[in-house]
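Heads up, structure28.txt below (compact mmCIF, C-alpha atoms and all ligand atoms):
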```
# COMPACT_ATOMS: atom_id res chain seq x y z
CA MET X 1 -20.90 6.86 16.35
CA SER X 2 -19.67 6.50 12.75
CA VAL X 3 -16.49 4.69 11.68
CA ILE X 4 -13.82 7.25 10.75
CA VAL X 5 -11.41 6.64 7.88
CA LEU X 6 -8.39 8.71 6.84
CA VAL X 7 -8.34 9.32 3.08
CA GLU X 8 -5.12 10.05 1.16
CA HIS X 9 -4.69 11.87 -2.11
CA THR X 10 -1.94 12.96 -4.47
CA ASP X 11 -2.42 16.45 -5.92
CA GLY X 12 -6.14 16.24 -5.16
CA ILE X 13 -6.67 12.79 -6.71
CA ILE X 14 -7.80 10.23 -4.14
CA LYS X 15 -5.56 7.15 -4.06
CA LYS X 16 -7.04 3.78 -5.00
CA LYS X 17 -5.85 2.30 -1.72
CA SER X 18 -7.92 4.91 0.13
CA PHE X 19 -11.03 3.63 -1.66
CA GLU X 20 -10.03 0.22 -0.27
CA ALA X 21 -9.81 1.70 3.24
CA VAL X 22 -13.23 3.35 2.86
CA GLN X 23 -14.76 0.08 1.62
CA TYR X 24 -13.17 -1.74 4.58
CA ALA X 25 -14.59 0.86 6.98
CA SER X 26 -17.97 0.42 5.32
CA GLY X 27 -17.91 -3.35 5.92
CA ILE X 28 -17.16 -2.77 9.61
CA ALA X 29 -19.77 0.00 9.90
CA LYS X 30 -22.52 -2.13 8.33
CA LYS X 31 -21.88 -4.92 10.83
CA ALA X 32 -21.94 -2.41 13.69
CA GLY X 33 -25.14 -0.79 12.33
CA THR X 34 -23.51 2.58 11.78
CA THR X 35 -22.13 4.79 8.99
CA VAL X 36 -18.74 5.82 7.56
CA THR X 37 -17.24 9.29 7.79
CA ALA X 38 -14.20 9.85 5.57
CA VAL X 39 -11.68 12.48 6.69
CA VAL X 40 -10.04 14.34 3.80
CA LEU X 41 -7.15 16.69 4.56
CA GLY X 42 -5.89 19.38 2.20
CA THR X 43 -6.93 20.51 -1.26
CA VAL X 44 -9.40 18.16 -2.95
CA ALA X 45 -12.32 19.06 -5.26
CA ASP X 46 -15.87 18.36 -4.07
CA ASN X 47 -16.71 15.90 -6.86
CA GLU X 48 -13.60 13.86 -6.00
CA MET X 49 -14.66 13.68 -2.34
CA GLU X 50 -18.27 12.84 -3.26
CA SER X 51 -16.96 9.78 -5.14
CA LEU X 52 -16.07 8.23 -1.77
CA GLY X 53 -19.80 7.43 -1.59
CA GLN X 54 -19.20 4.79 -4.27
CA TYR X 55 -17.16 2.84 -1.73
CA GLY X 56 -19.50 3.24 1.22
CA ALA X 57 -18.81 6.64 2.85
CA GLN X 58 -21.96 8.53 3.76
CA LYS X 59 -20.14 11.70 4.80
CA VAL X 60 -16.84 13.49 4.27
CA LEU X 61 -15.31 15.77 6.88
CA HIS X 62 -13.02 18.07 4.92
CA VAL X 63 -10.21 20.05 6.55
CA ALA X 64 -9.41 22.37 3.64
CA ASP X 65 -6.04 23.61 4.86
CA ALA X 66 -3.47 23.54 2.01
CA ARG X 67 -0.66 22.85 4.49
CA LEU X 68 -2.18 19.35 4.81
CA ASP X 69 -1.43 18.56 1.14
CA GLU X 70 1.83 17.12 2.51
CA LEU X 71 2.02 14.70 5.44
CA HIS X 72 2.40 16.45 8.81
CA ALA X 73 1.91 13.62 11.29
CA ARG X 74 1.00 15.81 14.26
CA ALA X 75 -1.46 17.93 12.27
CA TYR X 76 -3.02 14.83 10.70
CA THR X 77 -3.36 13.30 14.17
CA SER X 78 -5.00 16.47 15.53
CA ALA X 79 -7.48 16.53 12.62
CA LEU X 80 -8.38 12.86 13.02
CA PHE X 81 -8.71 13.32 16.77
CA ALA X 82 -11.10 16.24 16.23
CA ALA X 83 -13.07 14.22 13.67
CA ALA X 84 -13.29 11.21 16.01
CA GLN X 85 -14.56 13.43 18.83
CA LYS X 86 -17.06 15.21 16.60
CA GLU X 87 -18.48 11.90 15.34
CA ASN X 88 -18.12 10.21 18.74
CA SER X 89 -16.30 7.47 16.84
CA LYS X 90 -15.01 4.30 18.44
CA ILE X 91 -13.34 2.83 15.34
CA ILE X 92 -10.75 4.69 13.26
CA ILE X 93 -9.20 3.27 10.09
CA ALA X 94 -6.06 4.37 8.20
CA LEU X 95 -3.86 2.65 5.64
CA HIS X 96 -0.76 0.68 6.59
CA ASP X 97 1.55 2.94 4.60
CA ILE X 98 3.86 5.87 5.35
CA ASN X 99 1.00 8.17 6.35
CA GLY X 100 -0.97 5.64 8.35
CA ARG X 101 2.11 4.33 10.16
CA ALA X 102 3.00 7.87 11.22
CA VAL X 103 -0.48 8.87 12.32
CA ALA X 104 -2.21 5.76 13.72
CA PRO X 105 0.09 5.15 16.74
CA ARG X 106 -0.04 8.84 17.72
CA LEU X 107 -3.82 8.79 17.45
CA ALA X 108 -4.08 5.55 19.43
CA VAL X 109 -2.13 7.16 22.30
CA LYS X 110 -4.32 10.28 22.21
CA LEU X 111 -7.52 8.21 22.21
CA ASN X 112 -6.25 5.59 24.66
CA ALA X 113 -7.07 3.07 21.95
CA GLY X 114 -5.80 -0.40 21.06
CA LEU X 115 -4.12 -0.57 17.65
CA VAL X 116 -3.75 -3.32 15.06
CA ALA X 117 -1.16 -2.30 12.48
CA GLY X 118 -1.35 -4.04 9.09
CA ALA X 119 -4.79 -5.69 9.22
CA LEU X 120 -5.41 -8.49 6.72
CA SER X 121 -8.99 -9.29 7.73
CA TYR X 122 -12.22 -7.73 8.85
CA PRO X 123 -12.66 -7.91 12.63
CA ASP X 124 -14.20 -11.16 13.81
CA THR X 125 -16.69 -9.94 16.39
CA ASP X 126 -17.90 -13.37 17.51
CA LYS X 127 -15.29 -13.53 20.27
CA GLY X 128 -14.36 -9.90 20.76
CA PHE X 129 -12.78 -7.84 17.99
CA VAL X 130 -10.19 -10.15 16.47
CA ILE X 131 -8.10 -9.09 13.46
CA LYS X 132 -5.55 -11.10 11.46
CA LYS X 133 -2.14 -9.62 10.63
CA ALA X 134 1.18 -10.98 9.35
CA VAL X 135 4.12 -11.39 11.78
CA PHE X 136 7.74 -12.59 11.61
CA SER X 137 8.30 -11.06 8.17
CA GLY X 138 5.17 -12.69 6.80
CA LYS X 139 6.14 -16.18 8.00
CA ALA X 140 3.12 -16.45 10.32
CA PHE X 141 -0.19 -14.81 11.17
CA ALA X 142 -1.27 -13.36 14.50
CA TYR X 143 -4.90 -12.90 15.53
CA LEU X 144 -5.14 -9.85 17.79
CA ASN X 145 -8.15 -8.98 19.93
CA ILE X 146 -8.61 -5.25 20.55
CA THR X 147 -10.25 -5.00 23.95
CA SER X 148 -10.20 -1.21 24.44
CA ASP X 149 -13.34 0.86 23.93
CA VAL X 150 -11.78 2.86 21.07
CA LYS X 151 -10.04 0.92 18.30
CA VAL X 152 -7.53 2.03 15.65
CA ILE X 153 -6.73 -0.17 12.63
CA THR X 154 -4.31 0.27 9.74
CA LEU X 155 -5.28 -1.81 6.69
CA MET X 156 -2.70 -3.41 4.37
CA PRO X 157 -3.24 -2.00 0.87
CA ASN X 158 -4.45 -4.37 -1.87
CA THR X 159 -5.96 -6.82 0.61
CA PHE X 160 -9.55 -6.70 -0.67
CA PRO X 161 -10.76 -6.12 -4.25
CA LEU X 162 -12.80 -2.98 -4.83
CA ASN X 163 -16.52 -3.16 -5.55
CA LYS X 164 -18.03 0.12 -6.70
CA VAL X 165 -21.62 0.87 -5.77
CA ASP X 166 -23.94 3.81 -6.42
CA GLY X 167 -23.52 6.54 -3.87
CA LYS X 168 -22.49 10.11 -3.25
CA ALA X 169 -20.99 11.26 0.03
CA SER X 170 -22.15 14.53 1.56
CA ILE X 171 -19.41 17.03 2.41
CA GLU X 172 -19.04 18.96 5.64
CA LYS X 173 -16.22 21.38 6.42
CA LEU X 174 -14.29 20.73 9.61
CA ASP X 175 -12.74 23.94 10.89
CA MET X 176 -9.53 23.28 12.77
CA SER X 177 -7.22 25.61 14.61
CA PHE X 178 -3.80 24.01 14.52
CA VAL X 179 -0.94 24.99 16.80
CA ASP X 180 2.59 25.71 15.55
CA LYS X 181 3.97 22.40 16.74
CA ASP X 182 1.47 20.55 14.53
CA PHE X 183 3.67 21.76 11.67
CA GLY X 184 6.96 21.39 13.57
CA ILE X 185 8.60 19.55 10.67
CA LYS X 186 9.32 21.77 7.67
CA VAL X 187 9.23 20.05 4.27
CA LYS X 188 12.00 21.83 2.34
CA GLU X 189 11.87 19.82 -0.84
CA VAL X 190 9.77 17.02 -2.32
CA ASN X 191 11.41 14.73 -4.87
CA LYS X 192 8.65 12.77 -6.54
CA ILE X 193 9.46 9.27 -7.76
CA THR X 194 9.64 9.43 -11.53
CA GLY X 195 8.47 5.90 -12.45
CA GLU X 196 5.33 5.79 -14.58
CA ILE X 197 3.57 3.49 -12.11
CA PRO X 198 4.22 4.10 -8.38
CA LEU X 199 5.50 0.86 -6.85
CA GLY X 200 3.31 1.06 -3.74
CA ASP X 201 0.11 1.22 -5.82
CA ALA X 202 1.16 -1.25 -8.53
CA GLN X 203 -1.02 -4.27 -9.36
CA LEU X 204 1.80 -5.85 -11.38
CA VAL X 205 5.51 -5.72 -10.52
CA VAL X 206 8.58 -6.96 -12.42
CA SER X 207 11.56 -7.15 -10.07
CA GLY X 208 15.23 -7.88 -10.73
CA GLY X 209 18.07 -9.18 -8.57
CA ARG X 210 21.79 -9.71 -8.83
CA GLY X 211 21.14 -12.45 -11.38
CA MET X 212 20.52 -9.65 -13.91
CA LYS X 213 24.34 -9.24 -13.86
CA GLY X 214 24.44 -5.44 -14.21
CA PRO X 215 22.48 -2.25 -14.89
CA GLU X 216 23.14 -2.59 -18.62
CA ASN X 217 20.61 -5.47 -18.71
CA TRP X 218 17.82 -3.57 -16.94
CA GLY X 219 16.23 -2.67 -20.26
CA LEU X 220 14.95 -6.27 -20.33
CA ILE X 221 13.13 -5.76 -17.01
CA GLU X 222 11.77 -2.40 -18.17
CA ASP X 223 10.63 -3.78 -21.54
CA LEU X 224 8.63 -6.56 -19.89
CA ALA X 225 7.23 -4.14 -17.29
CA LYS X 226 6.15 -1.74 -20.05
CA GLU X 227 4.47 -4.51 -22.03
CA LEU X 228 2.55 -5.61 -18.91
CA GLY X 229 1.84 -2.12 -17.57
CA ALA X 230 3.83 -3.06 -14.45
CA ALA X 231 6.06 -1.16 -12.01
CA THR X 232 9.70 -2.19 -11.58
CA ALA X 233 11.40 -3.21 -8.32
CA CYS X 234 14.68 -4.79 -7.23
CA SER X 235 16.49 -6.63 -4.45
CA ARG X 236 18.60 -4.73 -1.94
CA PRO X 237 22.07 -5.57 -3.32
CA VAL X 238 20.94 -4.16 -6.66
CA ALA X 239 20.03 -0.83 -5.04
CA ASP X 240 23.17 -0.90 -2.86
CA ALA X 241 25.27 -1.29 -6.03
CA HIS X 242 23.41 1.71 -7.55
CA TRP X 243 22.10 -0.37 -10.43
CA ARG X 244 18.65 0.91 -9.45
CA PRO X 245 17.35 3.74 -7.21
CA HIS X 246 16.74 2.87 -3.57
CA HIS X 247 13.01 3.55 -3.69
CA GLU X 248 12.71 0.41 -5.88
CA HIS X 249 14.27 -1.87 -3.28
CA VAL X 250 11.73 -4.17 -1.63
CA GLY X 251 12.06 -6.34 1.44
CA GLN X 252 12.59 -6.11 5.16
CA THR X 253 14.62 -2.92 4.90
CA GLY X 254 12.85 -1.57 1.79
CA GLY X 255 9.29 -1.19 0.55
CA THR X 256 6.46 -3.67 0.93
CA VAL X 257 4.39 -4.57 -2.10
CA ARG X 258 1.21 -6.65 -2.36
CA PRO X 259 0.52 -6.73 -6.11
CA ASN X 260 -1.68 -9.23 -7.92
CA LEU X 261 1.43 -10.42 -9.79
CA TYR X 262 5.11 -10.26 -8.71
CA ILE X 263 7.66 -11.51 -11.25
CA ALA X 264 11.05 -12.07 -9.57
CA VAL X 265 13.93 -12.31 -12.03
CA GLY X 266 17.39 -13.46 -10.88
CA ILE X 267 16.50 -13.04 -7.20
CA SER X 268 17.49 -15.85 -4.82
CA GLY X 269 14.52 -15.44 -2.46
CA ALA X 270 16.27 -14.61 0.83
CA ILE X 271 13.91 -14.25 3.81
CA GLN X 272 14.68 -10.50 3.97
CA HIS X 273 13.51 -10.08 0.37
CA LEU X 274 10.43 -12.27 0.82
CA ALA X 275 9.37 -10.14 3.81
CA GLY X 276 8.49 -7.33 1.40
CA VAL X 277 6.77 -9.36 -1.32
CA ASN X 278 5.15 -12.45 0.18
CA GLY X 279 1.76 -10.73 0.34
CA SER X 280 1.68 -10.82 -3.48
CA LYS X 281 -1.32 -12.73 -4.82
CA THR X 282 0.69 -14.60 -7.52
CA ILE X 283 4.48 -14.98 -7.61
CA VAL X 284 6.42 -16.00 -10.73
CA VAL X 285 10.12 -16.79 -10.32
CA ILE X 286 12.69 -16.83 -13.12
CA ASN X 287 16.02 -18.24 -11.95
CA LYS X 288 18.71 -20.37 -13.56
CA ASP X 289 19.23 -22.35 -10.34
CA PRO X 290 16.42 -24.90 -9.79
CA GLU X 291 17.40 -24.98 -6.08
CA ALA X 292 16.88 -21.21 -5.58
CA PRO X 293 14.81 -20.77 -2.38
CA PHE X 294 12.40 -18.38 -4.12
CA PHE X 295 10.84 -21.33 -6.00
CA LYS X 296 9.37 -22.53 -2.67
CA ALA X 297 7.38 -19.29 -2.40
CA ALA X 298 6.40 -19.22 -6.09
CA ASN X 299 3.12 -20.09 -7.77
CA TYR X 300 4.90 -20.50 -11.12
CA GLY X 301 8.58 -20.94 -11.89
CA VAL X 302 10.82 -20.80 -14.95
CA VAL X 303 14.27 -22.41 -14.65
CA GLY X 304 16.43 -20.58 -17.16
CA ASP X 305 18.78 -17.73 -17.94
CA ALA X 306 16.96 -14.44 -17.33
CA LEU X 307 18.71 -12.80 -20.25
CA GLU X 308 17.17 -15.39 -22.58
CA VAL X 309 13.79 -15.84 -20.86
CA LEU X 310 12.87 -12.15 -20.52
CA PRO X 311 12.80 -11.26 -24.25
CA LYS X 312 10.76 -14.40 -24.98
CA LEU X 313 8.32 -13.63 -22.18
CA LYS X 314 7.92 -10.06 -23.40
CA GLU X 315 7.16 -11.28 -26.93
CA ALA X 316 4.66 -13.82 -25.57
CA VAL X 317 2.88 -11.11 -23.55
CA LYS X 318 2.83 -8.83 -26.61
CA LYS X 319 1.32 -11.58 -28.79
CA PHE X 320 -1.23 -12.43 -26.10
CA ARG X 321 -2.30 -8.82 -25.80
CA GLN X 322 -2.60 -8.42 -29.56
CA ASN X 323 -4.80 -11.53 -29.75
CA HIS X 324 -6.99 -10.40 -26.84
CA LYS X 325 -7.66 -6.78 -27.79
C1 LIG H 401 19.46 -7.16 8.02
C2 LIG H 401 19.31 -7.46 6.55
C3 LIG H 401 18.29 -6.85 5.85
C4 LIG H 401 18.14 -7.12 4.48
N1 LIG H 401 17.11 -6.51 3.80
C5 LIG H 401 16.90 -6.85 2.52
C6 LIG H 401 15.80 -6.32 1.79
O1 LIG H 401 15.04 -5.49 2.30
N2 LIG H 401 15.63 -6.69 0.52
C7 LIG H 401 16.46 -7.59 -0.12
O2 LIG H 401 16.24 -7.89 -1.30
N3 LIG H 401 17.50 -8.10 0.55
C8 LIG H 401 17.76 -7.75 1.82
N4 LIG H 401 18.82 -8.27 2.47
C9 LIG H 401 19.79 -9.09 1.70
C10 LIG H 401 19.32 -10.52 1.51
O3 LIG H 401 19.72 -11.31 2.61
C11 LIG H 401 19.94 -11.13 0.23
O4 LIG H 401 21.33 -11.05 0.33
C12 LIG H 401 19.49 -10.44 -1.04
O5 LIG H 401 18.08 -10.41 -1.10
C13 LIG H 401 20.02 -11.18 -2.24
O6 LIG H 401 19.75 -10.45 -3.40
P1 LIG H 401 19.65 -11.20 -4.80
O7 LIG H 401 18.70 -12.33 -4.68
O8 LIG H 401 19.40 -10.17 -5.83
O9 LIG H 401 21.14 -11.71 -5.04
P2 LIG H 401 21.80 -13.16 -4.87
O10 LIG H 401 21.58 -13.74 -3.55
O11 LIG H 401 23.20 -13.01 -5.36
O12 LIG H 401 20.97 -14.06 -5.89
C14 LIG H 401 21.03 -13.95 -7.28
C15 LIG H 401 20.14 -15.01 -7.87
O13 LIG H 401 20.16 -14.86 -9.28
C16 LIG H 401 20.25 -16.15 -9.87
N5 LIG H 401 20.88 -15.97 -11.16
C17 LIG H 401 22.20 -15.72 -11.44
N6 LIG H 401 22.36 -15.55 -12.76
C18 LIG H 401 21.16 -15.72 -13.33
C19 LIG H 401 20.69 -15.67 -14.67
N7 LIG H 401 21.50 -15.42 -15.71
N8 LIG H 401 19.36 -15.90 -14.90
C20 LIG H 401 18.50 -16.16 -13.88
N9 LIG H 401 18.90 -16.21 -12.60
C21 LIG H 401 20.20 -15.98 -12.32
C22 LIG H 401 21.06 -16.98 -8.90
O14 LIG H 401 20.78 -18.36 -9.07
C23 LIG H 401 20.58 -16.44 -7.56
O15 LIG H 401 19.48 -17.18 -7.09
C24 LIG H 401 19.01 -8.02 3.83
C25 LIG H 401 20.03 -8.65 4.56
C26 LIG H 401 20.19 -8.36 5.90
C27 LIG H 401 21.27 -9.06 6.67
```
Exercise: express the given structure as structure tokens:
Amino acid sequence: MSVIVLVEHTDGIIKKKSFEAVQYASGIAKKAGTTVTAVVLGTVADNEMESLGQYGAQKVLHVADARLDELHARAYTSALFAAAQKENSKIIIALHDINGRAVAPRLAVKLNAGLVAGALSYPDTDKGFVIKKAVFSGKAFAYLNITSDVKVITLMPNTFPLNKVDGKASIEKLDMSFVDKDFGIKVKEVNKITGEIPLGDAQLVVSGGRGMKGPENWGLIEDLAKELGAATACSRPVADAHWRPHHEHVGQTGGTVRPNLYIAVGISGAIQHLAGVNGSKTIVVINKDPEAPFFKAANYGVVGDALEVLPKLKEAVKKFRQNHK
């Protein structure tokens, strides 16, 4: 009756957010007096899979089919369904990201399960199985009780800090016979995002808006991001104007980030932008208008011209890092 968790990897390297999902599954399993079985799909080395034990997985079920190196939602669903049946699992966890959002609803239908998408808390089992999630573009929280026998949860990345423990997961092969329609979508080309730090996994983000005036000033954003080891992001009008690529646009119609630090430079703070960033742990706003709405959502604010503040901030970070080596 173990808790099942879907693990993601890039070129065989398990993603940090999947360790978070395994740790989350482990917390739920401990409370339920059971164990965690991680499901790994595609080509991953044994030692990499064993490391899932450091985050609470006792066992890995490995479907070693190279076609699963890329997301195929139907095939992933079939594999998770088979794993859930094999383990007689009542609780299945995935991440609230592109993969999890494609797979979890399909799996919930197949298992006749209730689903909470975007969990921000462990289930409160005192009065059922109640999980907190954000609603109305992060303006409010809902507390949802899953009453079905089988439960599917997608966890928001970067919700809980990781705590490594000693442990090594055992590995078991799961032989699957897929049908053609499991691979009904043909991936013709994969264009990998070229940024040094993928935005979705970033702990620190420096983001620019229309207040940056034009793409010629983006070097200032990139310089600060490089000094901090941060990813870069932008508001939607910036991507629409082709100042920055669309995969950097965050908000209601773009990506969602939940970094430890989000620095918003020359961004007004419209509700549609906040929807993608208001899960950030600390928000710093740099804006020349003291009335900019973003200041209401900020932990720290600098009222000033971005073109003057950014070089000074970069130098300050550089000096700080030199003094704290
Ligand atoms: C259906 C819908 C969906 C949308 N989805 C998204 C979304 O996903 N993401 C998103 O970002 N937007 C989205 N928008 C657009 C959103 O409503 C805002 O228009 C947009 O976020 C504004 O971008 P901005 O803050 O960069 O630009 P502006 O609103 O033009 O703000 C620029 C800011 O820069 C400041 N500024 C100007 N010069 C300087 C300077 N020299 N130094 C410092 N500060 C300066 C200004 O004071 C101002 O606050 C959506 C809108 C709709 C209707």
**OP:** Compute the set of protein, DNA and RNA residues whose minimum atom distance to ligand LIG 401 (chain H) is at most 9 Å, using all atoms listed in the file, and state it as a ChimeraX atom specification.
**Re:** /X:208-213,234-239,249-256,265-276,286-294,303-309
Original post:
Separation of atom CA of Pro245 of chain X and atom CA of Ala21 of chain X, in Å?
Top reply: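 Separation of atom CA of Pro245 of chain X and atom CA of Ala21 of chain X: 29.2 Å.
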Subject >> Contacts of Leu61 of chain X within 9 Å, all atoms listed in the file, excl. fewer than 3 positions in-chain, as number ranges by chain >> reply: X: 37-41, 83, 170-174
Original post:
How many Å separate atom CA of Ala29 of chain X from atom CA of Lys164 of chain X?
Top reply: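 Between these atoms lies a distance of 16.7 Å.
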Subject >> Distance query 12 Å from (-5.3, -6.5, 23.0) using all atoms listed in the file, result as a ChimeraX atom specification >> reply: /X:113-116,128-131,142-152
